[in-house]
Amino acid sequence: MDSRKLALLCRELADNKKAEDILILDVRELSSVTDYFVIASGSSEPHLRAIVDEVVDRLRKDCDLPPNAIDGTFQAAWVVLDYFDVIVHVMRKDVRERYDLETLWGDAPRVRLRKRAPARA
């Protein structure tokens with residue numbers, strides 16, 4: 001699976017658990033470490049856990065893709081999932097505002113979702 005598709009899938013999986021303000025940053029031109037950041041917010045420790053579990057479990061089960069590393073803690077309200085080409089940041093809103101990755105990586109283009117054409121009757 002290419003890195004863009006993986007980032008979009010991570011976004012979809014986070015959305016399955018009602019993650020808030022999900023954003024994908026294309027950092028290919030800015031970083032030699034990864035291609036995309038997926039940043040998502042959760043409202044509480046259980047919400048963060050549900051989002052992380054959904055991404056990790058579904059990628060492992062459906063794509064045979066375990067994370068290379070998991071860092072952070074639910075108590076610290078920031079968990080990072082490392083899939084080499086895609087790094088997923090799941091953060092509580094106040095922590096996300098404090099570290100402000102969107103501004104730190106402000107030169108990175110945001111990946112926009114393609115809108116689906118309405119179904120014809």
# chains A, B, ... in the order shown; residues from 1 in each chain; ligands from 1
>>> residues_around(residues="region 67-83 of chain A", least_positions_apart="6", cutoff="9 Å", atoms="only C-alpha atoms", output="ChimeraX atom specification")
/A:6,34,42,44-46,48-49,52,55-56,59-60,89-96
>>> write_last_selection(atoms="N, CA and C atoms", output="CSV table (one decimal), in the first residue's frame")
chain,number,residue,atom,x,y,z
A,6,LEU,N,-2.3,4.8,2.8
A,6,LEU,CA,-2.2,4.4,4.2
A,6,LEU,C,-2.6,5.6,5.1
A,34,THR,N,9.5,10.6,7.3
A,34,THR,CA,8.2,10.0,7.0
A,34,THR,C,7.6,10.8,5.8
A,42,GLY,N,-8.8,13.4,20.4
A,42,GLY,CA,-9.8,12.7,21.2
A,42,GLY,C,-10.2,13.5,22.4
A,44,SER,N,-11.0,12.4,25.6
A,44,SER,CA,-10.7,11.8,26.9
A,44,SER,C,-9.8,10.6,26.7
A,45,GLU,N,-9.3,10.1,27.9
A,45,GLU,CA,-8.4,8.9,27.8
A,45,GLU,C,-9.1,7.7,27.1
A,46,PRO,N,-10.3,7.4,27.5
A,46,PRO,CA,-11.0,6.3,26.8
A,46,PRO,C,-11.2,6.5,25.3
A,48,LEU,N,-9.2,8.4,23.4
A,48,LEU,CA,-7.9,8.2,22.7
A,48,LEU,C,-7.6,6.8,22.6
A,49,ARG,N,-7.9,6.0,23.6
A,49,ARG,CA,-7.6,4.5,23.5
A,49,ARG,C,-8.5,3.9,22.4
A,52,VAL,N,-6.9,4.8,19.0
A,52,VAL,CA,-5.6,4.1,18.8
A,52,VAL,C,-5.9,2.6,18.5
A,55,VAL,N,-7.2,2.0,14.9
A,55,VAL,CA,-6.2,2.1,13.9
A,55,VAL,C,-5.2,0.9,14.0
A,56,VAL,N,-4.7,0.6,15.1
A,56,VAL,CA,-3.7,-0.5,15.3
A,56,VAL,C,-4.4,-1.8,14.9
A,59,LEU,N,-5.5,-2.1,11.1
A,59,LEU,CA,-4.4,-2.2,10.1
A,59,LEU,C,-3.7,-3.6,10.3
A,60,ARG,N,-3.6,-4.1,11.5
A,60,ARG,CA,-3.0,-5.4,11.7
A,60,ARG,C,-3.9,-6.5,11.1
A,89,HIS,N,-0.6,10.8,15.0
A,89,HIS,CA,-0.6,11.4,16.3
A,89,HIS,C,-2.0,11.5,16.8
A,90,VAL,N,-2.3,10.9,17.9
A,90,VAL,CA,-3.6,10.9,18.5
A,90,VAL,C,-3.5,11.7,19.9
A,91,MET,N,-4.1,12.8,20.0
A,91,MET,CA,-3.9,13.7,21.1
A,91,MET,C,-5.2,14.3,21.7
A,92,ARG,N,-5.2,14.5,23.0
A,92,ARG,CA,-6.3,15.3,23.5
A,92,ARG,C,-6.2,16.7,23.0
A,93,LYS,N,-7.4,17.4,22.9
A,93,LYS,CA,-7.4,18.7,22.3
A,93,LYS,C,-6.5,19.7,22.9
A,94,ASP,N,-6.4,19.7,24.3
A,94,ASP,CA,-5.6,20.7,24.9
A,94,ASP,C,-4.1,20.5,24.7
A,95,VAL,N,-3.7,19.2,24.6
A,95,VAL,CA,-2.3,18.8,24.3
A,95,VAL,C,-2.0,19.2,22.8
A,96,ARG,N,-2.9,19.0,22.0
A,96,ARG,CA,-2.7,19.3,20.5
A,96,ARG,C,-2.6,20.8,20.4
>>> residues_around(residues="Leu9 (chain A)", least_positions_apart="4", cutoff="12 Å", atoms="only C-alpha atoms", output="CSV table (one decimal) with all heavy atoms, in the first residue's frame")
chain,number,residue,atom,x,y,z
A,1,MET,N,0.9,-1.2,0.0
A,1,MET,CA,0.0,0.0,0.0
A,1,MET,C,0.9,1.2,0.0
A,1,MET,O,1.9,1.3,0.8
A,1,MET,CB,-0.9,0.0,1.3
A,1,MET,CG,-1.7,1.2,1.4
A,1,MET,SD,-2.8,1.2,2.9
A,1,MET,CE,-3.4,-0.5,3.0
A,2,ASP,N,0.6,2.2,-0.9
A,2,ASP,CA,1.4,3.4,-0.9
A,2,ASP,C,1.1,4.3,0.3
A,2,ASP,O,0.1,4.1,1.0
A,2,ASP,CB,1.3,4.1,-2.2
A,2,ASP,CG,0.0,4.9,-2.4
A,2,ASP,OD1,-0.6,5.3,-1.5
A,2,ASP,OD2,-0.3,5.2,-3.6
A,3,SER,N,2.0,5.2,0.6
A,3,SER,CA,1.9,6.0,1.8
A,3,SER,C,0.7,6.9,1.9
A,3,SER,O,0.1,7.1,2.9
A,3,SER,CB,3.2,6.8,2.1
A,3,SER,OG,3.5,7.6,1.0
A,4,ARG,N,0.3,7.4,0.7
A,4,ARG,CA,-0.9,8.3,0.7
A,4,ARG,C,-2.2,7.5,1.1
A,4,ARG,O,-3.0,7.9,1.9
A,4,ARG,CB,-1.0,9.0,-0.6
A,4,ARG,CG,-2.3,9.9,-0.7
A,4,ARG,CD,-2.4,10.5,-2.1
A,4,ARG,NE,-3.6,11.2,-2.2
A,4,ARG,CZ,-3.8,12.5,-1.9
A,4,ARG,NH1,-2.8,13.2,-1.5
A,4,ARG,NH2,-5.0,13.1,-2.1
A,5,LYS,N,-2.3,6.3,0.5
A,5,LYS,CA,-3.4,5.5,0.8
A,5,LYS,C,-3.5,5.0,2.2
A,5,LYS,O,-4.5,5.0,2.8
A,5,LYS,CB,-3.4,4.2,-0.1
A,5,LYS,CG,-3.8,4.5,-1.6
A,5,LYS,CD,-3.9,3.2,-2.4
A,5,LYS,CE,-4.2,3.6,-3.8
A,5,LYS,NZ,-4.2,2.4,-4.7
A,13,LEU,N,-10.0,5.3,9.7
A,13,LEU,CA,-10.1,4.5,10.9
A,13,LEU,C,-10.3,5.3,12.1
A,13,LEU,O,-11.1,5.0,13.0
A,13,LEU,CB,-8.9,3.5,11.0
A,13,LEU,CG,-8.8,2.5,9.9
A,13,LEU,CD1,-7.5,1.8,10.0
A,13,LEU,CD2,-10.0,1.5,9.9
A,14,ALA,N,-9.6,6.4,12.2
A,14,ALA,CA,-9.8,7.4,13.3
A,14,ALA,C,-11.2,7.9,13.3
A,14,ALA,O,-11.8,8.1,14.4
A,14,ALA,CB,-8.7,8.5,13.3
A,15,ASP,N,-11.7,8.3,12.1
A,15,ASP,CA,-13.0,8.8,12.0
A,15,ASP,C,-14.1,7.8,12.4
A,15,ASP,O,-15.1,8.2,13.0
A,15,ASP,CB,-13.2,9.2,10.5
A,15,ASP,CG,-14.5,10.0,10.4
A,15,ASP,OD1,-14.8,11.0,11.1
A,15,ASP,OD2,-15.3,9.7,9.5
A,16,ASN,N,-13.8,6.5,12.2
A,16,ASN,CA,-14.7,5.4,12.7
A,16,ASN,C,-15.0,5.6,14.2
A,16,ASN,O,-16.1,5.2,14.6
A,16,ASN,CB,-14.1,4.0,12.4
A,16,ASN,CG,-14.1,3.6,11.0
A,16,ASN,OD1,-14.7,4.3,10.1
A,16,ASN,ND2,-13.4,2.6,10.7
A,22,ILE,N,-9.5,15.8,12.3
A,22,ILE,CA,-8.5,14.9,11.7
A,22,ILE,C,-7.9,15.6,10.5
A,22,ILE,O,-8.6,16.2,9.7
A,22,ILE,CB,-9.2,13.6,11.2
A,22,ILE,CG1,-9.9,12.9,12.3
A,22,ILE,CG2,-8.1,12.6,10.7
A,22,ILE,CD1,-10.8,11.8,11.9
A,24,ILE,N,-4.4,15.5,7.7
A,24,ILE,CA,-3.3,14.8,7.1
A,24,ILE,C,-2.3,15.9,6.5
A,24,ILE,O,-2.8,16.7,5.7
A,24,ILE,CB,-3.7,13.8,6.0
A,24,ILE,CG1,-4.7,12.8,6.5
A,24,ILE,CG2,-2.5,13.2,5.4
A,24,ILE,CD1,-5.2,11.9,5.4
A,36,TYR,N,3.9,11.2,5.6
A,36,TYR,CA,2.6,11.9,6.1
A,36,TYR,C,2.5,11.8,7.6
A,36,TYR,O,2.9,10.9,8.2
A,36,TYR,CB,1.4,11.2,5.4
A,36,TYR,CG,1.3,11.3,4.0
A,36,TYR,CD1,1.9,10.3,3.1
A,36,TYR,CD2,0.7,12.4,3.4
A,36,TYR,CE1,1.8,10.5,1.7
A,36,TYR,CE2,0.6,12.6,2.0
A,36,TYR,CZ,1.2,11.6,1.2
A,36,TYR,OH,1.1,11.7,-0.2
A,38,VAL,N,-0.7,12.0,10.2
A,38,VAL,CA,-2.1,12.1,10.5
A,38,VAL,C,-2.3,12.5,11.9
A,38,VAL,O,-1.7,11.9,12.8
A,38,VAL,CB,-2.8,10.7,10.3
A,38,VAL,CG1,-4.3,10.7,10.6
A,38,VAL,CG2,-2.5,10.1,8.9
A,54,GLU,N,-8.5,1.2,17.3
A,54,GLU,CA,-9.1,1.0,16.0
A,54,GLU,C,-8.1,1.0,14.9
A,54,GLU,O,-8.1,0.2,14.0
A,54,GLU,CB,-10.2,2.1,15.7
A,54,GLU,CG,-10.8,2.1,14.4
A,54,GLU,CD,-11.9,1.0,14.2
A,54,GLU,OE1,-12.1,0.1,15.1
A,54,GLU,OE2,-12.5,0.9,13.1
A,55,VAL,N,-7.2,2.0,14.9
A,55,VAL,CA,-6.2,2.1,13.9
A,55,VAL,C,-5.2,0.9,14.0
A,55,VAL,O,-5.0,0.2,12.9
A,55,VAL,CB,-5.4,3.4,14.0
A,55,VAL,CG1,-4.2,3.5,13.1
A,55,VAL,CG2,-6.3,4.6,13.8
A,56,VAL,N,-4.7,0.6,15.1
A,56,VAL,CA,-3.7,-0.5,15.3
A,56,VAL,C,-4.4,-1.8,14.9
A,56,VAL,O,-3.8,-2.6,14.1
A,56,VAL,CB,-3.1,-0.5,16.7
A,56,VAL,CG1,-2.3,-1.8,16.9
A,56,VAL,CG2,-2.3,0.7,16.9
A,58,ARG,N,-7.2,-2.6,13.3
A,58,ARG,CA,-7.7,-2.8,11.9
A,58,ARG,C,-6.6,-2.9,10.9
A,58,ARG,O,-6.7,-3.7,9.9
A,58,ARG,CB,-8.7,-1.7,11.5
A,58,ARG,CG,-10.0,-1.7,12.3
A,58,ARG,CD,-11.0,-2.7,11.8
A,58,ARG,NE,-11.2,-2.6,10.4
A,58,ARG,CZ,-12.2,-1.8,9.8
A,58,ARG,NH1,-12.9,-1.1,10.6
A,58,ARG,NH2,-12.3,-1.8,8.5
A,59,LEU,N,-5.5,-2.1,11.1
A,59,LEU,CA,-4.4,-2.2,10.1
A,59,LEU,C,-3.7,-3.6,10.3
A,59,LEU,O,-3.3,-4.2,9.3
A,59,LEU,CB,-3.4,-1.1,10.3
A,59,LEU,CG,-3.8,0.3,9.8
A,59,LEU,CD1,-2.8,1.3,10.1
A,59,LEU,CD2,-4.2,0.3,8.3
A,62,ASP,N,-6.7,-6.2,8.9
A,62,ASP,CA,-7.1,-6.1,7.5
A,62,ASP,C,-5.9,-6.0,6.5
A,62,ASP,O,-6.1,-6.4,5.4
A,62,ASP,CB,-8.0,-4.9,7.3
A,62,ASP,CG,-9.3,-5.0,8.1
A,62,ASP,OD1,-9.6,-6.1,8.7
A,62,ASP,OD2,-10.0,-4.0,8.3
A,63,CYS,N,-4.8,-5.5,7.0
A,63,CYS,CA,-3.7,-5.2,6.1
A,63,CYS,C,-2.4,-5.9,6.5
A,63,CYS,O,-1.4,-5.7,5.8
A,63,CYS,CB,-3.4,-3.7,6.0
A,63,CYS,SG,-4.8,-2.7,5.5
A,86,VAL,N,4.0,6.7,7.4
A,86,VAL,CA,2.9,7.5,8.0
A,86,VAL,C,3.1,7.4,9.5
A,86,VAL,O,3.3,6.4,10.1
A,86,VAL,CB,1.5,6.9,7.6
A,86,VAL,CG1,0.4,7.6,8.3
A,86,VAL,CG2,1.3,6.9,6.1
A,88,VAL,N,1.0,8.6,12.9
A,88,VAL,CA,-0.3,9.0,13.4
A,88,VAL,C,-0.1,9.5,14.8
A,88,VAL,O,0.4,8.9,15.7
A,88,VAL,CB,-1.3,7.8,13.4
A,88,VAL,CG1,-2.6,8.2,13.9
A,88,VAL,CG2,-1.3,7.1,12.0
A,113,LEU,N,-9.6,15.6,1.2
A,113,LEU,CA,-10.3,14.4,0.8
A,113,LEU,C,-11.1,14.8,-0.5
A,113,LEU,O,-11.6,15.9,-0.7
A,113,LEU,CB,-11.3,14.0,1.8
A,113,LEU,CG,-10.7,13.5,3.1
A,113,LEU,CD1,-11.8,13.2,4.1
A,113,LEU,CD2,-9.8,12.3,2.9
>>> atom_distance(atom1="CA of Leu65 (chain A)", atom2="CA of Asp35 (chain A)")
16.8 Å
>>> residues_around(residues="Ala108 (chain A)", least_positions_apart="2", cutoff="7 Å", atoms="only C-alpha atoms", output="list of chain:residue names")
A:Leu25, A:Asp26, A:Val27, A:Trp105, A:Gly106, A:Arg110
>>> select_by_dssp(residues="chain A", states="helix (DSSP H, G or I)", output="MDAnalysis selection string")
chainID A and resid 3:16 45:63 93:99 101:104
>>> select_by_dssp(residues="chain A", states="strand (DSSP E)", output="ChimeraX atom specification")
/A:20-26,36-42,69-73,78-82,86-92
>>> atom_distance(atom1="CA of Thr103 (chain A)", atom2="CA of Lys17 (chain A)")
25.3 Å
